[in-house]
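K.L.:
Take this structure, written in structure tokens, and hold onto it; I'll ask about it next.
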Amino acid sequence: MSEEKAILTIGDKRIELPVFVGTNGDKAVDVSKLYDDHHLITYDPALANTAICHSKITFIDGDAGILRYRGIPIEQFDTPSPNFVEVAWLLIFGTLPTHEELIDFRVRLTNNALLHEGLRQRIELLPPSAPPMASLSAALSEMVCYYKNYLTLDDDEQFIEAAARMISTIRTIAAYSYRRSQGLPIIYPDPKLRYVANFLHMMFSYPYLQYEITPEVEDAMNLILILHADHEQNCSTATVRVVGSAKANMFSSCASGVSALWGPLHGGANVKVMEMLEAIYKGGLTPEHCIEAAKDKTNPFRLFGFGHRVYKNYDPRAKILKASCDRVFSKLKHNDPLLDVARRLEELALADSYFADRKLYPNVDFYSGILLRAMGIPTNMFTVIFAIGRLPGWIAHWKEQHDVPTNRIMRPRQIYEGNEIVNYIPVKDRVRVGSIQ
Ligand code: SDX
């Protein structure tokens with residue numbers, strides 16, 4: 001809390017409000033007692049100006065395009081050595097794991113890779129055409145039916161085991177759902193393989209032919225999962241915190257994050273980006289069409305993969321992913337015309353005052369799909385990959401919320417504008433005047 005105060009005057013009232021100052025100087029006016037002390041509330045429907053918690057996990061400076069996990073700049077993860085498993089540990093436990101901690105966590109992930117047979121059978125009952133995000137949300141919600149000991153996480157050992165169970169199993173659920181959708185036999189996890197290699201093995205191996213993962217693909221998938229691992233109070237993470245504030249178990253809280261992430265304005269945007277790029281490439285649209293449609297207020301079309309609530313500069317993740325596309329494509333001797341389409345679209349948008357004036361730049365979703373496509377991941381699995389990456393962030397925030405000694409259930413207020421008071425009318429006396437509002 002800083003010495004500085006904020007002054008709110010309303011009518012003849014002059015209200016002094018405390019001010020918090022964050023590590024990097026961000027200031028927040030504390031209105032947490034405003035209703036109790038003054039019967040006043042604030043209005044911020046998209047929570048764009050509202051902090052719902054104190055957090056030490058991730059820092060974003062949207063104007064400068066800065067993203068740091070536990071203080072480490074995201075750019076430092078854009079090298080082959082950091083891997084997703086150690087970044088998951090970093091986000092959840094606050095520091096990079098020692099060699100022993102990393103080995104122990106890896107063993108836990110390996111030991112928790114297999115699905116409970118009951119859950120596997122439940123996935124097999126889903127229609128092969130089920131949307132992968134629906135299958136993922138359902139399976140994560142059902143996990144706690146098979147692992148009831150995770151309903152309450154009373155000690156650190158139980159928590160780390162539950163975290164490992166989720167982080168390991170989400171891959172298996174995703175791969176099984178994909179294989180079912182393709183009419184392929186499921187491939188069980190291989191304990192000899194590391195996290196990403198095992199996922200790709202379960203996605204693409206055959207009973208008679210092991211998927212050969214190249215270092216470039218493994219590095220690229222590691223990087224994609226790392227870049228998606230956390231992003232402070234985004235819609236899905238805030239959802240996990242809201243659900244967790246009611247003391248809901250970690251599995252159900254994270255399953256609620258999957259549902260929020262699925263939205264096309266959030267994690268579902270990576271699918272919409274590819275649909276947009278493919279429409280342009282196949283000739284249905286031109287880049288210029290897209291730009292004009294995105295600017296036309298009478299047109300619901302948005303330039304997916306562009307714009308961000310927090311970044312009013314280039315999303316640092318998009319910068320890294322764009323460079324990674326070049327690296328992976330040249331190493332895999334892969335060519336994708338959609339990359340050229342994306343570059344053309346970016347060039348046009350960044351040169352257009354509509355986007356420049358609104359500080360709309362490419363976000364994490366603009367290039368991620370092109371890279372995933374180069375690895376053979378089908379478009380309808382893109383948001384699932386986002387969820388696999390984001391799970392450690394959801395777990396870290398669930399834990400941070402769970403451990404707040406003063407945690408209170410999150411329950412926003414509203415501005416009521418409905419009927420003042422009306423009487424009940426028996427159905428025999430009711431008539432409809434005009435249409436239902
Ligand atoms: C993710 O929060 C996170 O951290 C999310 C995320 C994470 O890691 O968790 O970073 C992941 O969700 C990235 C965003 C993926 N979504 C998309 O790419 C969908 C397209 N983008 C937009 O829908 C939009 O930019 C949002 C949803 C991302 C942000 O919306 P805001 O902050 O509510 O912005 P807004 O809608 O108020 O837009 C401000 C102006 C408006 O125009 P005006 O009313 O001022 O004239 O910018 C316009 C908007 O119409 N605008 C766009 C646009 N994005 C904003 N116009 C055309 N195309 C776009 N993409």
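By order of appearance in the structure tokens: chains A, B, ..., then residues from 1 within every chain, and ligands from 1 in the order shown.
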Around ligand 1, which protein and nucleic acid residues have at least one atom no more than 7 Å from it, if we count only C-alpha atoms and all ligand atoms? List them as a ChimeraX atom specification.

P.N.:
/A:228,230-236,264-267,269,294-295,302-310,358,360,363-365

K.L.:
Using only C-alpha atoms, which residues sit within 10 Å of range 24-38 of chain A once same-chain residues fewer than 2 positions away are excluded, as a PyMOL selection string?

P.N.:
chain A and resi 1-2+4-7+13+15-22+40-42+49-51+59-61+413

K.L.:
Could you find all residues in range 161-377 of chain A that DSSP calls alpha helix (DSSP H) from the backbone, and write them as JSON, numbers by chain?

P.N.:
{"A": [161, 162, 163, 164, 165, 166, 167, 168, 169, 170, 171, 172, 173, 174, 175, 176, 177, 178, 179, 180, 181, 195, 196, 197, 198, 199, 200, 201, 202, 203, 204, 215, 216, 217, 218, 219, 220, 221, 222, 223, 224, 225, 226, 227, 235, 236, 237, 238, 239, 240, 241, 242, 243, 244, 245, 250, 251, 252, 253, 254, 255, 256, 257, 258, 259, 260, 261, 269, 270, 271, 272, 273, 274, 275, 276, 277, 278, 279, 280, 281, 287, 288, 289, 290, 291, 292, 293, 294, 295, 316, 317, 318, 319, 320, 321, 322, 323, 324, 325, 326, 327, 328, 329, 330, 331, 332, 337, 338, 339, 340, 341, 342, 343, 344, 345, 346, 347, 348, 349, 350, 353, 354, 355, 356, 357, 364, 365, 366, 367, 368, 369, 370, 371, 372, 373, 374]}

K.L.:
Within 9 Å of Ala220 in chain A, counting only C-alpha atoms, which residues qualify if same-chain residues fewer than 3 places away don't, as a ChimeraX atom specification?

P.N.:
/A:80,215-217,223-225,321,324-325,328,371-372,375

K.L.:
Which one is closest to Ala162 in chain A: A:Leu348, A:Ala88, A:Ala48, A:Leu109? Count only C-alpha atoms.

P.N.:
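Of A:Leu348, A:Ala88, A:Ala48, A:Leu109, the one nearest Ala162 in chain A, counting only C-alpha atoms, is A:Leu109.
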
K.L.:
Leaving out Ala130 in chain A and any residue of its chain fewer than 5 positions from it, which residues lie within 9 Å of it when counting only C-alpha atoms, given as number ranges by chain?

P.N.:
A: 135, 177, 181

K.L.:
Selected residues, N, CA and C atoms, written as a PDB file, in the first residue's frame, please.

P.N.:
ATOM      1  N   SER A 135     -14.800 -32.120 -25.804  1.00  0.00           N
ATOM      2  CA  SER A 135     -14.290 -33.381 -25.234  1.00  0.00           C
ATOM      3  C   SER A 135     -13.318 -33.087 -24.096  1.00  0.00           C
ATOM      4  N   SER A 177      -8.833 -37.989 -28.055  1.00  0.00           N
ATOM      5  CA  SER A 177      -9.991 -37.394 -28.754  1.00  0.00           C
ATOM      6  C   SER A 177      -9.673 -37.229 -30.234  1.00  0.00           C
ATOM      7  N   SER A 181     -11.465 -39.046 -33.445  1.00  0.00           N
ATOM      8  CA  SER A 181     -12.096 -38.250 -34.531  1.00  0.00           C
ATOM      9  C   SER A 181     -11.598 -38.698 -35.900  1.00  0.00           C
TER      10      SER A 181
END

K.L.:
I'd like the interatomic distance between CA of Arg327 in chain A and CA of Gly369 in chain A, to a tenth of an Å.

P.N.:
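These two atoms are separated by 15.2 Å.
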
K.L.:
Figure out the distance between CA of Arg344 in chain A and CA of Asp357 in chain A, please, to one decimal in Å.

P.N.:
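Atom-to-atom, CA of Asp357 in chain A to CA of Arg344 in chain A, that is 19.4 Å.
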
K.L.:
Using only C-alpha atoms, which residue out of A:Ala64, A:Leu391, A:Met274, A:Leu47 lies closest to Leu140 in chain A?

P.N.:
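Closest residue, counting only C-alpha atoms: A:Leu391.
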
K.L.:
For CA of Asn198 in chain A and CA of His99 in chain A, quote the distance in Å rounded to one decimal.

P.N.:
20.7 Å

K.L.:
Quick one: everything within 9 Å of Ile186 in chain A, counting only C-alpha atoms, minus sequence neighbours fewer than 3 positions away in the same chain. Send it as a ChimeraX atom specification.

P.N.:
/A:175-180,202-203,206-207

K.L.:
Take the selection from the previous step and output its residues with all heavy atoms, as a CSV table (one decimal), in the first residue's frame.

P.N.:
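Result file follows (again-v7.csv):
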chain,number,residue,atom,x,y,z
A,175,ALA,N,-5.0,-36.2,-27.2
A,175,ALA,CA,-4.5,-37.2,-28.3
A,175,ALA,C,-5.6,-38.2,-28.5
A,175,ALA,O,-5.9,-38.5,-29.7
A,175,ALA,CB,-3.2,-37.8,-27.9
A,176,TYR,N,-6.2,-38.7,-27.5
A,176,TYR,CA,-7.2,-39.8,-27.6
A,176,TYR,C,-8.4,-39.2,-28.4
A,176,TYR,O,-9.0,-39.8,-29.3
A,176,TYR,CB,-7.7,-40.3,-26.2
A,176,TYR,CG,-6.8,-41.2,-25.5
A,176,TYR,CD1,-5.5,-41.4,-26.0
A,176,TYR,CD2,-7.2,-41.9,-24.4
A,176,TYR,CE1,-4.6,-42.3,-25.3
A,176,TYR,CE2,-6.4,-42.8,-23.8
A,176,TYR,CZ,-5.1,-43.0,-24.2
A,176,TYR,OH,-4.2,-43.9,-23.6
A,177,SER,N,-8.8,-38.0,-28.1
A,177,SER,CA,-10.0,-37.4,-28.8
A,177,SER,C,-9.7,-37.2,-30.2
A,177,SER,O,-10.5,-37.5,-31.1
A,177,SER,CB,-10.3,-36.0,-28.2
A,177,SER,OG,-10.5,-36.1,-26.8
A,178,TYR,N,-8.4,-36.8,-30.5
A,178,TYR,CA,-8.0,-36.6,-31.9
A,178,TYR,C,-8.1,-38.0,-32.6
A,178,TYR,O,-8.6,-38.1,-33.7
A,178,TYR,CB,-6.6,-36.0,-32.0
A,178,TYR,CG,-6.1,-36.1,-33.4
A,178,TYR,CD1,-6.6,-35.3,-34.4
A,178,TYR,CD2,-5.0,-36.9,-33.7
A,178,TYR,CE1,-6.1,-35.4,-35.7
A,178,TYR,CE2,-4.5,-37.0,-35.0
A,178,TYR,CZ,-5.1,-36.2,-36.0
A,178,TYR,OH,-4.6,-36.3,-37.3
A,179,ARG,N,-7.5,-39.0,-32.0
A,179,ARG,CA,-7.4,-40.3,-32.7
A,179,ARG,C,-8.8,-40.8,-33.0
A,179,ARG,O,-9.2,-41.3,-34.0
A,179,ARG,CB,-6.7,-41.3,-31.8
A,179,ARG,CG,-5.3,-40.9,-31.5
A,179,ARG,CD,-4.3,-41.1,-32.6
A,179,ARG,NE,-4.1,-42.4,-33.0
A,179,ARG,CZ,-3.1,-42.8,-33.8
A,179,ARG,NH1,-2.3,-41.9,-34.3
A,179,ARG,NH2,-2.9,-44.0,-34.2
A,180,ARG,N,-9.7,-40.6,-32.0
A,180,ARG,CA,-11.1,-41.1,-32.2
A,180,ARG,C,-11.8,-40.3,-33.4
A,180,ARG,O,-12.5,-40.9,-34.2
A,180,ARG,CB,-11.9,-40.8,-30.9
A,180,ARG,CG,-11.5,-41.5,-29.7
A,180,ARG,CD,-12.5,-42.6,-29.2
A,180,ARG,NE,-13.9,-42.2,-29.2
A,180,ARG,CZ,-14.8,-42.7,-30.0
A,180,ARG,NH1,-14.5,-43.6,-30.9
A,180,ARG,NH2,-16.1,-42.4,-30.0
A,202,MET,N,1.5,-39.9,-29.2
A,202,MET,CA,0.1,-40.4,-29.0
A,202,MET,C,-0.8,-39.8,-30.1
A,202,MET,O,-1.8,-40.4,-30.4
A,202,MET,CB,-0.4,-39.9,-27.6
A,202,MET,CG,0.2,-40.6,-26.4
A,202,MET,SD,-0.6,-40.2,-24.9
A,202,MET,CE,0.2,-38.7,-24.5
A,203,MET,N,-0.4,-38.7,-30.7
A,203,MET,CA,-1.2,-38.1,-31.7
A,203,MET,C,-0.9,-38.8,-33.1
A,203,MET,O,-1.9,-39.1,-33.8
A,203,MET,CB,-0.8,-36.6,-31.9
A,203,MET,CG,-1.3,-35.6,-30.9
A,203,MET,SD,-3.0,-35.2,-31.1
A,203,MET,CE,-2.9,-34.2,-32.6
A,206,TYR,N,1.6,-45.1,-35.0
A,206,TYR,CA,0.6,-46.2,-35.4
A,206,TYR,C,1.1,-47.4,-34.6
A,206,TYR,O,2.3,-47.4,-34.2
A,206,TYR,CB,0.7,-46.5,-36.9
A,206,TYR,CG,-0.1,-45.4,-37.7
A,206,TYR,CD1,0.6,-44.3,-38.1
A,206,TYR,CD2,-1.4,-45.5,-37.9
A,206,TYR,CE1,-0.1,-43.3,-38.8
A,206,TYR,CE2,-2.1,-44.5,-38.6
A,206,TYR,CZ,-1.4,-43.4,-39.0
A,206,TYR,OH,-2.1,-42.4,-39.7
A,207,PRO,N,0.2,-48.3,-34.3
A,207,PRO,CA,0.7,-49.5,-33.5
A,207,PRO,C,1.9,-50.2,-34.2
A,207,PRO,O,2.7,-50.8,-33.5
A,207,PRO,CB,-0.6,-50.4,-33.6
A,207,PRO,CG,-1.7,-49.5,-33.8
A,207,PRO,CD,-1.2,-48.4,-34.7

K.L.:
Taking 6 positions as the minimum chain separation for residues in the same chain, which residues sit within 12 Å of Val341 in chain A when counting only C-alpha atoms? Answer as number ranges by chain.

P.N.:
A: 273-274, 276-283, 285-288, 290, 347-348, 366-367, 370

K.L.:
Could you please take those selected residues and save N, CA and C atoms as a short mmCIF file (atom, residue, chain, number, x, y, z; two decimals), in the first residue's frame?

P.N.:
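Output (out.cif):
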data_model
loop_
_atom_site.label_atom_id
_atom_site.label_comp_id
_atom_site.auth_asym_id
_atom_site.auth_seq_id
_atom_site.Cartn_x
_atom_site.Cartn_y
_atom_site.Cartn_z
N VAL A 273 -8.35 -17.54 -37.20
CA VAL A 273 -7.27 -16.96 -38.03
C VAL A 273 -7.03 -17.85 -39.24
N MET A 274 -6.93 -19.16 -38.99
CA MET A 274 -6.65 -20.09 -40.09
C MET A 274 -7.80 -20.10 -41.09
N MET A 276 -9.71 -17.66 -41.76
CA MET A 276 -9.60 -16.38 -42.49
C MET A 276 -8.49 -16.48 -43.55
N LEU A 277 -7.33 -17.00 -43.15
CA LEU A 277 -6.20 -17.09 -44.07
C LEU A 277 -6.53 -18.04 -45.22
N GLU A 278 -7.19 -19.16 -44.90
CA GLU A 278 -7.55 -20.13 -45.95
C GLU A 278 -8.58 -19.54 -46.91
N ALA A 279 -9.52 -18.76 -46.35
CA ALA A 279 -10.54 -18.12 -47.23
C ALA A 279 -9.86 -17.18 -48.20
N ILE A 280 -8.84 -16.48 -47.71
CA ILE A 280 -8.10 -15.56 -48.60
C ILE A 280 -7.34 -16.37 -49.64
N TYR A 281 -6.67 -17.41 -49.17
CA TYR A 281 -5.82 -18.18 -50.09
C TYR A 281 -6.66 -18.87 -51.18
N LYS A 282 -7.82 -19.37 -50.77
CA LYS A 282 -8.66 -20.09 -51.74
C LYS A 282 -9.42 -19.13 -52.66
N GLY A 283 -9.23 -17.83 -52.40
CA GLY A 283 -9.80 -16.86 -53.34
C GLY A 283 -11.14 -16.30 -52.94
N LEU A 285 -11.75 -14.56 -50.41
CA LEU A 285 -11.51 -13.22 -49.85
C LEU A 285 -10.16 -12.70 -50.35
N THR A 286 -9.96 -11.41 -50.36
CA THR A 286 -8.59 -10.90 -50.57
C THR A 286 -8.16 -10.23 -49.26
N PRO A 287 -6.84 -10.09 -49.07
CA PRO A 287 -6.39 -9.39 -47.85
C PRO A 287 -7.05 -8.03 -47.72
N GLU A 288 -7.17 -7.34 -48.88
CA GLU A 288 -7.79 -6.01 -48.85
C GLU A 288 -9.25 -6.10 -48.40
N CYS A 290 -10.49 -8.28 -46.36
CA CYS A 290 -10.48 -8.52 -44.90
C CYS A 290 -10.30 -7.22 -44.14
N GLU A 347 1.01 -6.67 -43.02
CA GLU A 347 1.61 -5.47 -43.65
C GLU A 347 0.53 -4.43 -43.95
N LEU A 348 -0.60 -4.91 -44.52
CA LEU A 348 -1.70 -3.99 -44.86
C LEU A 348 -2.30 -3.37 -43.61
N PHE A 366 -2.09 -14.99 -34.13
CA PHE A 366 -1.98 -14.70 -35.56
C PHE A 366 -1.05 -15.67 -36.29
N TYR A 367 0.05 -16.03 -35.65
CA TYR A 367 1.02 -16.93 -36.31
C TYR A 367 1.04 -18.35 -35.74
N ILE A 370 -0.23 -21.21 -38.01
CA ILE A 370 0.62 -21.56 -39.18
C ILE A 370 1.72 -22.52 -38.74
#
